[in-house]
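> File name coords16.txt; file contents compact mmCIF, C-alpha atoms; full text below.
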# COMPACT_ATOMS: atom_id res chain seq x y z
CA MET E 299 9.95 -15.54 20.15
CA PHE E 300 13.52 -16.70 20.73
CA PHE E 301 14.93 -14.47 18.02
CA PHE E 302 12.85 -11.54 19.20
CA GLY E 303 14.39 -12.00 22.66
CA MET E 304 17.84 -12.13 21.13
CA TRP E 305 17.17 -9.01 19.10
CA LEU E 306 15.85 -7.20 22.17
CA GLY E 307 19.02 -8.13 24.06
CA ASP E 308 21.32 -6.86 21.31
CA GLY E 309 22.22 -10.46 20.46
CA ARG E 310 24.25 -10.80 23.67
CA ASN E 311 22.05 -12.92 25.91
CA VAL E 312 22.65 -16.47 24.66
CA TYR E 313 26.02 -17.57 26.00
CA LEU E 314 27.70 -20.05 28.28
CA PRO E 315 30.66 -18.69 30.26
CA HIS E 316 33.74 -20.43 31.63
CA GLN E 317 33.20 -18.77 34.97
CA TYR E 318 33.45 -21.83 37.18
CA GLU E 319 37.01 -22.60 36.13
CA GLN E 320 38.04 -19.20 37.44
CA SER E 321 36.16 -19.74 40.69
CA VAL E 322 38.09 -22.99 41.19
CA GLU E 323 41.36 -21.18 40.53
CA ASP E 324 40.41 -18.56 43.08
CA GLY E 325 39.85 -21.33 45.60
CA LYS E 326 36.07 -20.96 45.62
CA PRO E 327 34.66 -24.12 44.06
CA THR E 328 30.97 -24.86 44.52
CA ILE E 329 30.43 -27.62 47.05
CA ILE E 330 26.91 -28.93 47.58
CA PHE E 331 26.73 -31.29 50.57
CA GLY E 332 30.31 -32.33 49.94
CA TRP E 333 29.72 -32.87 46.24
CA GLN E 334 31.50 -30.79 43.62
CA PRO E 335 29.30 -30.67 40.51
CA PRO E 336 30.97 -31.13 37.11
CA THR E 337 32.16 -27.99 35.33
CA LEU E 338 29.41 -27.91 32.69
CA ILE E 339 26.66 -28.28 35.29
CA ASN E 340 28.21 -25.49 37.29
CA ASN E 341 28.55 -23.15 34.35
CA MET E 342 25.10 -23.92 32.99
CA VAL E 343 22.91 -24.54 36.02
CA LEU E 344 24.56 -22.58 38.80
CA ILE E 345 26.11 -19.69 36.88
CA ARG E 346 24.12 -19.19 33.67
CA LEU E 347 20.81 -20.89 34.39
CA GLN E 348 19.18 -19.03 31.51
CA TYR E 349 21.12 -21.17 29.06
CA ALA E 350 19.64 -24.34 30.57
CA GLY E 351 16.26 -23.03 29.34
CA GLN E 352 17.51 -21.57 26.08
CA PHE E 353 19.25 -24.82 25.10
CA TRP E 354 15.94 -26.56 24.37
CA ILE E 355 15.05 -24.21 21.54
CA GLY E 356 17.51 -26.30 19.53
CA LEU E 357 19.74 -25.17 16.72
CA PRO E 358 19.41 -21.40 17.35
CA ALA E 359 20.96 -21.83 20.83
CA TRP E 360 23.51 -24.53 20.16
CA PRO E 361 26.26 -22.33 18.68
CA ALA E 362 26.79 -21.08 22.24
CA MET E 363 27.57 -24.64 23.30
CA TRP E 364 29.86 -25.09 20.31
CA ASN E 365 31.76 -21.90 21.13
CA TYR E 366 32.04 -23.06 24.73
CA TYR E 367 33.78 -26.25 23.69
CA VAL E 368 35.53 -25.25 20.46
CA PRO E 369 36.90 -21.75 20.94
CA ASP E 370 39.33 -22.11 18.05
CA VAL E 371 36.61 -22.57 15.42
CA PRO E 372 33.77 -20.33 16.60
CA ILE E 373 30.33 -20.19 15.02
CA LEU E 374 28.54 -16.82 14.88
CA GLU E 375 30.83 -15.50 17.57
CA GLN E 376 29.29 -12.07 17.40
CA TYR E 377 26.06 -13.43 18.91
CA TYR E 378 27.14 -16.53 20.81
CA GLU E 379 30.53 -15.65 22.22
CA SER E 380 31.52 -17.84 25.15
CA PRO E 381 33.17 -15.60 27.74
CA GLY E 382 36.41 -17.06 29.01
CA ALA E 383 36.72 -19.65 26.25
CA VAL E 384 40.36 -19.74 25.22
CA GLY E 385 41.86 -21.23 22.10
CA LEU E 386 45.22 -20.99 20.37
CA ARG E 387 43.96 -18.12 18.23
CA HIS E 388 43.64 -15.93 21.31
CA LEU E 389 47.36 -16.15 22.07
CA ASN E 390 49.91 -13.85 20.53
CA ASP E 391 52.81 -15.03 18.35
CA GLU E 392 55.27 -15.02 21.22
CA GLU E 393 53.05 -17.17 23.41
CA ARG E 394 52.38 -19.60 20.59
CA GLU E 395 56.08 -19.93 19.90
CA GLU E 396 56.73 -20.51 23.60
CA LEU E 397 54.06 -23.21 23.63
CA ARG E 398 55.48 -24.87 20.53
CA ARG E 399 58.94 -25.04 22.05
CA ALA E 400 57.59 -26.41 25.33
CA ARG E 401 55.66 -29.12 23.46
CA GLU E 402 58.79 -30.24 21.68
CA THR E 403 60.90 -30.40 24.83
CA ASP E 404 58.76 -31.28 27.81
CA LEU E 405 55.06 -32.20 27.72
CA GLN E 406 54.56 -31.52 31.40
CA GLU E 407 56.01 -28.07 31.04
CA TYR E 408 53.78 -27.55 28.01
CA GLN E 409 50.68 -28.39 30.02
CA VAL E 410 51.65 -26.08 32.88
CA LEU E 411 52.37 -23.26 30.43
CA TRP E 412 49.10 -23.82 28.58
CA GLN E 413 47.12 -23.75 31.83
CA ARG E 414 48.83 -20.52 32.84
CA LEU E 415 48.12 -18.83 29.51
CA VAL E 416 44.51 -20.01 29.51
CA SER E 417 44.04 -18.78 33.04
CA GLN E 418 45.46 -15.33 32.22
CA TYR E 419 43.36 -14.89 29.12
CA ARG E 420 40.18 -16.24 30.73
CA ARG E 421 40.45 -13.83 33.64
CA ARG E 422 40.84 -10.88 31.27
CA ASP E 423 38.05 -12.05 28.98
CA LEU E 424 35.54 -12.65 31.78
CA ALA E 425 36.25 -9.24 33.27
CA LYS E 426 35.87 -7.62 29.85
CA GLN E 427 32.60 -9.40 29.19
CA GLU E 428 31.16 -8.45 32.55
CA ASN E 429 32.15 -4.86 31.94
CA ASP E 430 30.60 -4.90 28.44
CA LEU E 431 27.33 -6.32 29.71
CA ASN E 432 27.16 -3.86 32.60
CA THR E 433 27.81 -0.95 30.25
CA MET E 434 25.13 -2.19 27.88
CA GLN E 435 22.56 -2.58 30.64
CA LEU E 436 23.23 0.96 31.82
CA LYS E 437 22.22 2.37 28.45
CA GLU E 438 19.02 4.33 28.65
CA GLU E 439 17.28 2.39 25.90
CA MET E 440 18.20 -0.99 27.40
CA GLY E 441 17.56 -0.88 31.15
CA LYS E 442 15.06 -3.49 32.21
CA PHE E 443 14.62 -4.66 28.62
CA TRP E 444 17.76 -6.72 29.17
CA ASP E 445 15.81 -8.96 31.54
CA ILE E 446 12.69 -8.99 29.39
CA ALA E 447 14.92 -10.07 26.49
CA TRP E 448 16.34 -13.13 28.20
CA VAL E 449 12.92 -13.98 29.61
CA TYR E 450 11.66 -14.23 26.00
CA THR E 451 14.50 -16.56 25.02
CA VAL E 452 14.13 -18.75 28.10
CA ILE E 453 10.35 -19.04 27.80
CA ALA E 454 10.75 -19.95 24.12
CA GLY E 455 13.20 -22.70 25.06
CA VAL E 456 11.12 -24.09 27.90
CA LEU E 457 7.92 -24.05 25.84
CA ASN E 458 9.82 -25.97 23.20
CA VAL E 459 10.23 -28.80 25.71
CA LEU E 460 6.44 -29.08 25.74
CA VAL E 461 6.35 -28.90 21.95
CA ILE E 462 8.97 -31.67 21.68
CA TYR E 463 6.92 -33.83 24.03
CA ASP E 464 3.77 -33.08 22.02
CA ALA E 465 5.50 -34.08 18.79
CA TRP E 466 6.78 -37.29 20.36
CA ALA E 467 3.77 -38.46 22.37
CA GLY E 468 0.82 -36.35 21.25
CA PRO E 469 -1.30 -34.11 23.43
CA VAL E 470 -0.56 -34.35 27.14
CA ARG E 471 -3.50 -35.87 28.99
CA LEU E 472 -3.30 -35.72 32.73
CA ARG E 473 -6.52 -37.76 33.10
CA PRO E 474 -6.91 -41.00 31.15
CA HIS E 475 -9.87 -41.26 28.81
CA PRO E 476 -12.83 -43.22 30.15
CA PRO E 477 -13.11 -46.64 28.50
CA ALA E 478 -14.98 -46.45 25.19
CA THR E 479 -18.55 -47.73 25.17
CA GLY E 480 -19.70 -50.38 22.70
CA GLN E 481 -21.18 -47.85 20.28
CA GLU E 482 -18.02 -45.70 20.27
CA LYS E 483 -15.91 -48.77 19.59
CA LYS E 484 -18.07 -49.60 16.57
CA ALA E 485 -17.85 -46.02 15.32
CA THR E 486 -14.07 -46.06 15.42
CA GLN E 487 -13.77 -49.42 13.67
CA MET U 37 4.67 13.94 26.12
CA ILE U 38 7.39 12.36 28.26
CA ALA U 39 4.77 10.29 30.05
CA MET U 40 3.48 9.07 26.69
CA ILE U 41 6.95 8.03 25.56
CA LEU U 42 7.52 6.23 28.85
CA TRP U 43 4.17 4.47 28.49
CA ALA U 44 4.98 3.52 24.91
CA THR U 45 8.34 2.00 25.87
CA SER U 46 7.17 0.39 29.09
CA ILE U 47 8.32 -3.16 29.73
CA TYR U 48 4.75 -4.02 30.73
CA TRP U 49 3.69 -4.08 27.08
CA HIS U 50 5.46 -7.42 26.93
CA LEU U 51 3.20 -8.94 29.56
CA PRO U 52 0.12 -9.53 27.36
CA VAL U 53 2.33 -10.80 24.54
CA LEU U 54 4.08 -13.32 26.77
CA LEU U 55 0.81 -14.25 28.42
CA ALA U 56 -0.87 -14.98 25.10
CA LEU U 57 2.10 -16.93 23.73
CA VAL U 58 2.60 -19.05 26.84
CA SER U 59 -1.12 -19.80 27.16
CA LEU U 60 -1.50 -20.71 23.51
CA VAL U 61 1.57 -22.93 23.26
CA TYR U 62 0.82 -24.70 26.53
CA SER U 63 -2.77 -25.23 25.48
CA ALA U 64 -1.72 -26.48 22.04
CA THR U 65 0.35 -29.21 23.68
CA ARG U 66 -2.77 -30.43 25.47
CA HIS U 67 -5.23 -30.50 22.56
CA ASP U 68 -5.29 -31.05 18.83
CA ASP U 69 -8.32 -29.03 17.75
CA TRP U 70 -8.50 -25.28 17.58
CA ARG U 71 -11.62 -24.85 19.68
CA PRO U 72 -10.37 -26.58 22.86
CA ILE U 73 -6.97 -24.97 22.31
CA ILE U 74 -8.48 -21.48 22.37
CA VAL U 75 -10.80 -22.27 25.27
CA GLN U 76 -8.00 -23.65 27.42
CA ALA U 77 -5.65 -20.84 26.39
CA ILE U 78 -8.16 -18.31 27.70
CA ARG U 79 -8.56 -20.32 30.90
CA ASN U 80 -4.77 -20.55 31.33
CA GLY U 81 -4.45 -16.83 30.69
CA ILE U 82 -6.97 -16.10 33.45
CA TYR U 83 -5.14 -18.45 35.86
CA ILE U 84 -1.83 -16.74 35.14
CA VAL U 85 -3.31 -13.27 35.56
CA PHE U 86 -4.83 -14.27 38.91
CA PHE U 87 -1.56 -15.84 40.04
CA MET U 88 0.41 -12.73 39.10
CA ALA U 89 -2.20 -10.49 40.72
CA THR U 90 -1.86 -12.49 43.95
CA VAL U 91 1.91 -12.13 43.88
CA PHE U 92 1.49 -8.42 43.15
CA VAL U 93 -0.82 -7.94 46.14
CA VAL U 94 1.55 -9.84 48.46
CA LEU U 95 4.54 -7.78 47.30
CA LEU U 96 2.55 -4.56 47.56
CA PHE U 97 1.56 -5.49 51.08
CA LEU U 98 5.15 -6.30 52.07
CA SER U 99 6.63 -3.19 50.49
CA THR U 100 4.11 -0.52 51.45
CA ILE U 101 1.43 -1.55 53.95
CA TRP U 102 3.59 -3.75 56.20
CA PRO U 103 6.34 -1.16 56.84
CA HIS U 104 3.76 1.60 57.32
CA TYR U 105 1.63 -0.16 59.94
CA PHE U 106 3.88 -2.86 61.39
CA GLY U 107 7.43 -1.80 60.56
Once more with this new file: its structure as structure tokens, please.

Amino acid sequence: MFFFGMWLGDGRNVYLPHQYEQSVEDGKPTIIFGWQPPTLINNMVLIRLQYAGQFWIGLPAWPAMWNYYVPDVPILEQYYESPGAVGLRHLNDEEREELRRARETDLQEYQVLWQRLVSQYRRRDLAKQENDLNTMQLKEEMGKFWDIAWVYTVIAGVLNVLVIYDAWAGPVRLRPHPPATGQEKKATQ
Amino acid sequence: MIAMILWATSIYWHLPVLLALVSLVYSATRHDDWRPIIVQAIRNGIYIVFFMATVFVVLLFLSTIWPHYFG
């Protein structure tokens, strides 16, 4: 079911973006009753809620989380690319050299430079990804199937929560069994 | 011909598939034997269909009947 949903969505619907970091840079952080949720919660629950459901399918969804945190060593990037994830490999030779020099001379300068480069690349990458997804959804053969596709993946993940519970604790019983009578007790012994 | 192609590629074909899968998996987490699983899956399927039909009627009312008579 999960893989069918991925196939239906051209393998582009399981991802976790670095969107919140850009919102903070733009001066628009999410504030809920004076509380600023952590970055991961923002990106997963408030920005890409689908992934919060997909996550529970297990291994087939976890490469997206890996690519979110480890952009330099991506796993199956073609299907689980994390938009806005920036690693050293995304920088060009000049930028890398600039970073190397800054690290050798001044660590503070290095951090400022790194943040600036990450910010630049992330902005470009998020815009590119949004454009790609919009273009894909405008294709005649995709259309509303894009939404059906992620619905499949999310339902598969959420149902897996029930399956995990079933494997751990057995069938869910909302009403407790009535106490066994004497004869039933003997039969089970 | 065009209508047939549209019907064949309609997103609504996914409804019975999703309905059956959700009902069966949910029911299988409540029971261990096949018979009660199937019975409850059918019951769940009927509940879901009724729930969706109710939502459909409400939306239909809000989008067509309400603006026509009260809008």
> Taking all atoms listed in the file into account, which residues of chain E are within 6 Å of chain U, as an mmCIF file with C-alpha atoms, in the coordinates of the input?

data_model
loop_
_atom_site.group_PDB
_atom_site.id
_atom_site.type_symbol
_atom_site.label_atom_id
_atom_site.label_comp_id
_atom_site.auth_asym_id
_atom_site.auth_seq_id
_atom_site.Cartn_x
_atom_site.Cartn_y
_atom_site.Cartn_z
ATOM 1 C CA ASP E 464 3.770 -33.080 22.020
ATOM 2 C CA PRO E 469 -1.300 -34.110 23.430
ATOM 3 C CA VAL E 470 -0.560 -34.350 27.140
#
> Please indicate the distance in Å from CA of Leu347 (chain E) to CA of Leu55 (chain U), rounded to one decimal place.
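Separation between CA of Leu347 (chain E) and CA of Leu55 (chain U): 21.9 Å.
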> Measuring atom to atom with all atoms listed in the file, identify which of E:Trp354, E:Gly303, E:Gly385, E:Arg346 is nearest to Pro369 (chain E).
E:Gly385
> Smallest atom-to-atom distance to Tyr83 (chain U): which of U:Leu96, U:Arg71, U:Trp49, U:Ser59, using all atoms listed in the file?
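Closest candidate: U:Ser59.
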> I'd like the contact shell of Arg421 (chain E) - 9 Å cut-off, all atoms listed in the file, skipping same-chain residues fewer than 5 positions apart - returned as a ChimeraX atom specification.
/E:317,320,382,416,426
> Using CA of Glu428 (chain E) and CA of Trp412 (chain E) as the two end points, give the distance in Å to one decimal.
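Separation of CA of Glu428 (chain E) and CA of Trp412 (chain E): 24.0 Å.
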> Have a look at CA of Val91 (chain U) and CA of Lys442 (chain E) and let me know their distance in Å, one decimal.
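Separation of CA of Val91 (chain U) and CA of Lys442 (chain E): 19.6 Å.
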> Quick one: region 304-315 of chain E with all heavy atoms, as a PDB file, in the coordinates of the input?

ATOM      1  N   MET E 304      16.430 -12.399  21.446  1.00  0.00           N
ATOM      2  CA  MET E 304      17.840 -12.130  21.130  1.00  0.00           C
ATOM      3  C   MET E 304      18.023 -10.725  20.579  1.00  0.00           C
ATOM      4  O   MET E 304      18.957 -10.010  20.917  1.00  0.00           O
ATOM      5  CB  MET E 304      18.348 -13.152  20.100  1.00  0.00           C
ATOM      6  CG  MET E 304      18.883 -14.407  20.717  1.00  0.00           C
ATOM      7  SD  MET E 304      19.705 -15.433  19.506  1.00  0.00           S
ATOM      8  CE  MET E 304      21.352 -14.756  19.518  1.00  0.00           C
ATOM      9  N   TRP E 305      17.097 -10.347  19.702  1.00  0.00           N
ATOM     10  CA  TRP E 305      17.170  -9.010  19.100  1.00  0.00           C
ATOM     11  C   TRP E 305      17.020  -7.936  20.178  1.00  0.00           C
ATOM     12  O   TRP E 305      17.752  -6.939  20.191  1.00  0.00           O
ATOM     13  CB  TRP E 305      16.063  -8.883  18.046  1.00  0.00           C
ATOM     14  CG  TRP E 305      15.928  -7.502  17.513  1.00  0.00           C
ATOM     15  CD1 TRP E 305      16.721  -6.878  16.600  1.00  0.00           C
ATOM     16  CD2 TRP E 305      14.929  -6.534  17.895  1.00  0.00           C
ATOM     17  NE1 TRP E 305      16.280  -5.593  16.386  1.00  0.00           N
ATOM     18  CE2 TRP E 305      15.185  -5.354  17.158  1.00  0.00           C
ATOM     19  CE3 TRP E 305      13.844  -6.564  18.762  1.00  0.00           C
ATOM     20  CZ2 TRP E 305      14.399  -4.215  17.276  1.00  0.00           C
ATOM     21  CZ3 TRP E 305      13.062  -5.426  18.897  1.00  0.00           C
ATOM     22  CH2 TRP E 305      13.346  -4.270  18.156  1.00  0.00           C
ATOM     23  N   LEU E 306      16.084  -8.157  21.094  1.00  0.00           N
ATOM     24  CA  LEU E 306      15.850  -7.200  22.170  1.00  0.00           C
ATOM     25  C   LEU E 306      17.086  -7.061  23.063  1.00  0.00           C
ATOM     26  O   LEU E 306      17.373  -5.986  23.573  1.00  0.00           O
ATOM     27  CB  LEU E 306      14.663  -7.696  23.013  1.00  0.00           C
ATOM     28  CG  LEU E 306      13.767  -6.682  23.700  1.00  0.00           C
ATOM     29  CD1 LEU E 306      13.176  -5.707  22.701  1.00  0.00           C
ATOM     30  CD2 LEU E 306      12.651  -7.394  24.440  1.00  0.00           C
ATOM     31  N   GLY E 307      17.823  -8.152  23.218  1.00  0.00           N
ATOM     32  CA  GLY E 307      19.020  -8.130  24.060  1.00  0.00           C
ATOM     33  C   GLY E 307      20.289  -7.855  23.284  1.00  0.00           C
ATOM     34  O   GLY E 307      21.373  -8.256  23.721  1.00  0.00           O
ATOM     35  N   ASP E 308      20.162  -7.218  22.145  1.00  0.00           N
ATOM     36  CA  ASP E 308      21.320  -6.860  21.310  1.00  0.00           C
ATOM     37  C   ASP E 308      22.146  -8.074  20.907  1.00  0.00           C
ATOM     38  O   ASP E 308      23.349  -7.964  20.669  1.00  0.00           O
ATOM     39  CB  ASP E 308      22.239  -5.881  22.071  1.00  0.00           C
ATOM     40  CG  ASP E 308      21.954  -4.443  21.673  1.00  0.00           C
ATOM     41  OD1 ASP E 308      21.066  -4.241  20.830  1.00  0.00           O
ATOM     42  OD2 ASP E 308      22.623  -3.539  22.201  1.00  0.00           O
ATOM     43  N   GLY E 309      21.520  -9.233  20.871  1.00  0.00           N
ATOM     44  CA  GLY E 309      22.220 -10.460  20.460  1.00  0.00           C
ATOM     45  C   GLY E 309      23.330 -10.856  21.423  1.00  0.00           C
ATOM     46  O   GLY E 309      24.300 -11.489  21.019  1.00  0.00           O
ATOM     47  N   ARG E 310      23.180 -10.490  22.708  1.00  0.00           N
ATOM     48  CA  ARG E 310      24.250 -10.800  23.670  1.00  0.00           C
ATOM     49  C   ARG E 310      23.768 -11.661  24.834  1.00  0.00           C
ATOM     50  O   ARG E 310      24.462 -11.766  25.840  1.00  0.00           O
ATOM     51  CB  ARG E 310      24.833  -9.491  24.232  1.00  0.00           C
ATOM     52  CG  ARG E 310      25.479  -8.560  23.232  1.00  0.00           C
ATOM     53  CD  ARG E 310      26.767  -9.114  22.668  1.00  0.00           C
ATOM     54  NE  ARG E 310      27.744  -9.473  23.679  1.00  0.00           N
ATOM     55  CZ  ARG E 310      28.616  -8.614  24.203  1.00  0.00           C
ATOM     56  NH1 ARG E 310      28.627  -7.374  23.802  1.00  0.00           N
ATOM     57  NH2 ARG E 310      29.491  -9.004  25.113  1.00  0.00           N
ATOM     58  N   ASN E 311      22.573 -12.234  24.720  1.00  0.00           N
ATOM     59  CA  ASN E 311      22.050 -12.920  25.910  1.00  0.00           C
ATOM     60  C   ASN E 311      22.003 -14.443  25.808  1.00  0.00           C
ATOM     61  O   ASN E 311      21.445 -15.099  26.673  1.00  0.00           O
ATOM     62  CB  ASN E 311      20.659 -12.362  26.290  1.00  0.00           C
ATOM     63  CG  ASN E 311      19.711 -12.362  25.119  1.00  0.00           C
ATOM     64  OD1 ASN E 311      19.994 -12.993  24.110  1.00  0.00           O
ATOM     65  ND2 ASN E 311      18.610 -11.663  25.239  1.00  0.00           N
ATOM     66  N   VAL E 312      22.581 -14.996  24.746  1.00  0.00           N
ATOM     67  CA  VAL E 312      22.650 -16.470  24.660  1.00  0.00           C
ATOM     68  C   VAL E 312      24.128 -16.843  24.700  1.00  0.00           C
ATOM     69  O   VAL E 312      24.834 -16.758  23.706  1.00  0.00           O
ATOM     70  CB  VAL E 312      22.002 -16.981  23.363  1.00  0.00           C
ATOM     71  CG1 VAL E 312      21.997 -18.499  23.339  1.00  0.00           C
ATOM     72  CG2 VAL E 312      20.580 -16.459  23.250  1.00  0.00           C
ATOM     73  N   TYR E 313      24.598 -17.221  25.861  1.00  0.00           N
ATOM     74  CA  TYR E 313      26.020 -17.570  26.000  1.00  0.00           C
ATOM     75  C   TYR E 313      26.220 -18.480  27.197  1.00  0.00           C
ATOM     76  O   TYR E 313      25.361 -18.573  28.076  1.00  0.00           O
ATOM     77  CB  TYR E 313      26.877 -16.312  26.144  1.00  0.00           C
ATOM     78  CG  TYR E 313      26.599 -15.513  27.395  1.00  0.00           C
ATOM     79  CD1 TYR E 313      27.275 -15.776  28.578  1.00  0.00           C
ATOM     80  CD2 TYR E 313      25.648 -14.502  27.396  1.00  0.00           C
ATOM     81  CE1 TYR E 313      27.012 -15.048  29.733  1.00  0.00           C
ATOM     82  CE2 TYR E 313      25.390 -13.776  28.538  1.00  0.00           C
ATOM     83  CZ  TYR E 313      26.068 -14.050  29.701  1.00  0.00           C
ATOM     84  OH  TYR E 313      25.796 -13.333  30.835  1.00  0.00           O
ATOM     85  N   LEU E 314      27.345 -19.142  27.185  1.00  0.00           N
ATOM     86  CA  LEU E 314      27.700 -20.050  28.280  1.00  0.00           C
ATOM     87  C   LEU E 314      29.141 -19.702  28.688  1.00  0.00           C
ATOM     88  O   LEU E 314      30.066 -19.900  27.908  1.00  0.00           O
ATOM     89  CB  LEU E 314      27.605 -21.488  27.766  1.00  0.00           C
ATOM     90  CG  LEU E 314      27.619 -22.618  28.774  1.00  0.00           C
ATOM     91  CD1 LEU E 314      26.556 -22.435  29.824  1.00  0.00           C
ATOM     92  CD2 LEU E 314      27.387 -23.937  28.049  1.00  0.00           C
ATOM     93  N   PRO E 315      29.321 -19.155  29.879  1.00  0.00           N
ATOM     94  CA  PRO E 315      30.660 -18.690  30.260  1.00  0.00           C
ATOM     95  C   PRO E 315      31.522 -19.777  30.900  1.00  0.00           C
ATOM     96  O   PRO E 315      31.014 -20.764  31.405  1.00  0.00           O
ATOM     97  CB  PRO E 315      30.354 -17.603  31.288  1.00  0.00           C
ATOM     98  CG  PRO E 315      29.089 -18.059  31.933  1.00  0.00           C
ATOM     99  CD  PRO E 315      28.324 -18.856  30.910  1.00  0.00           C
TER     100      PRO E 315
END
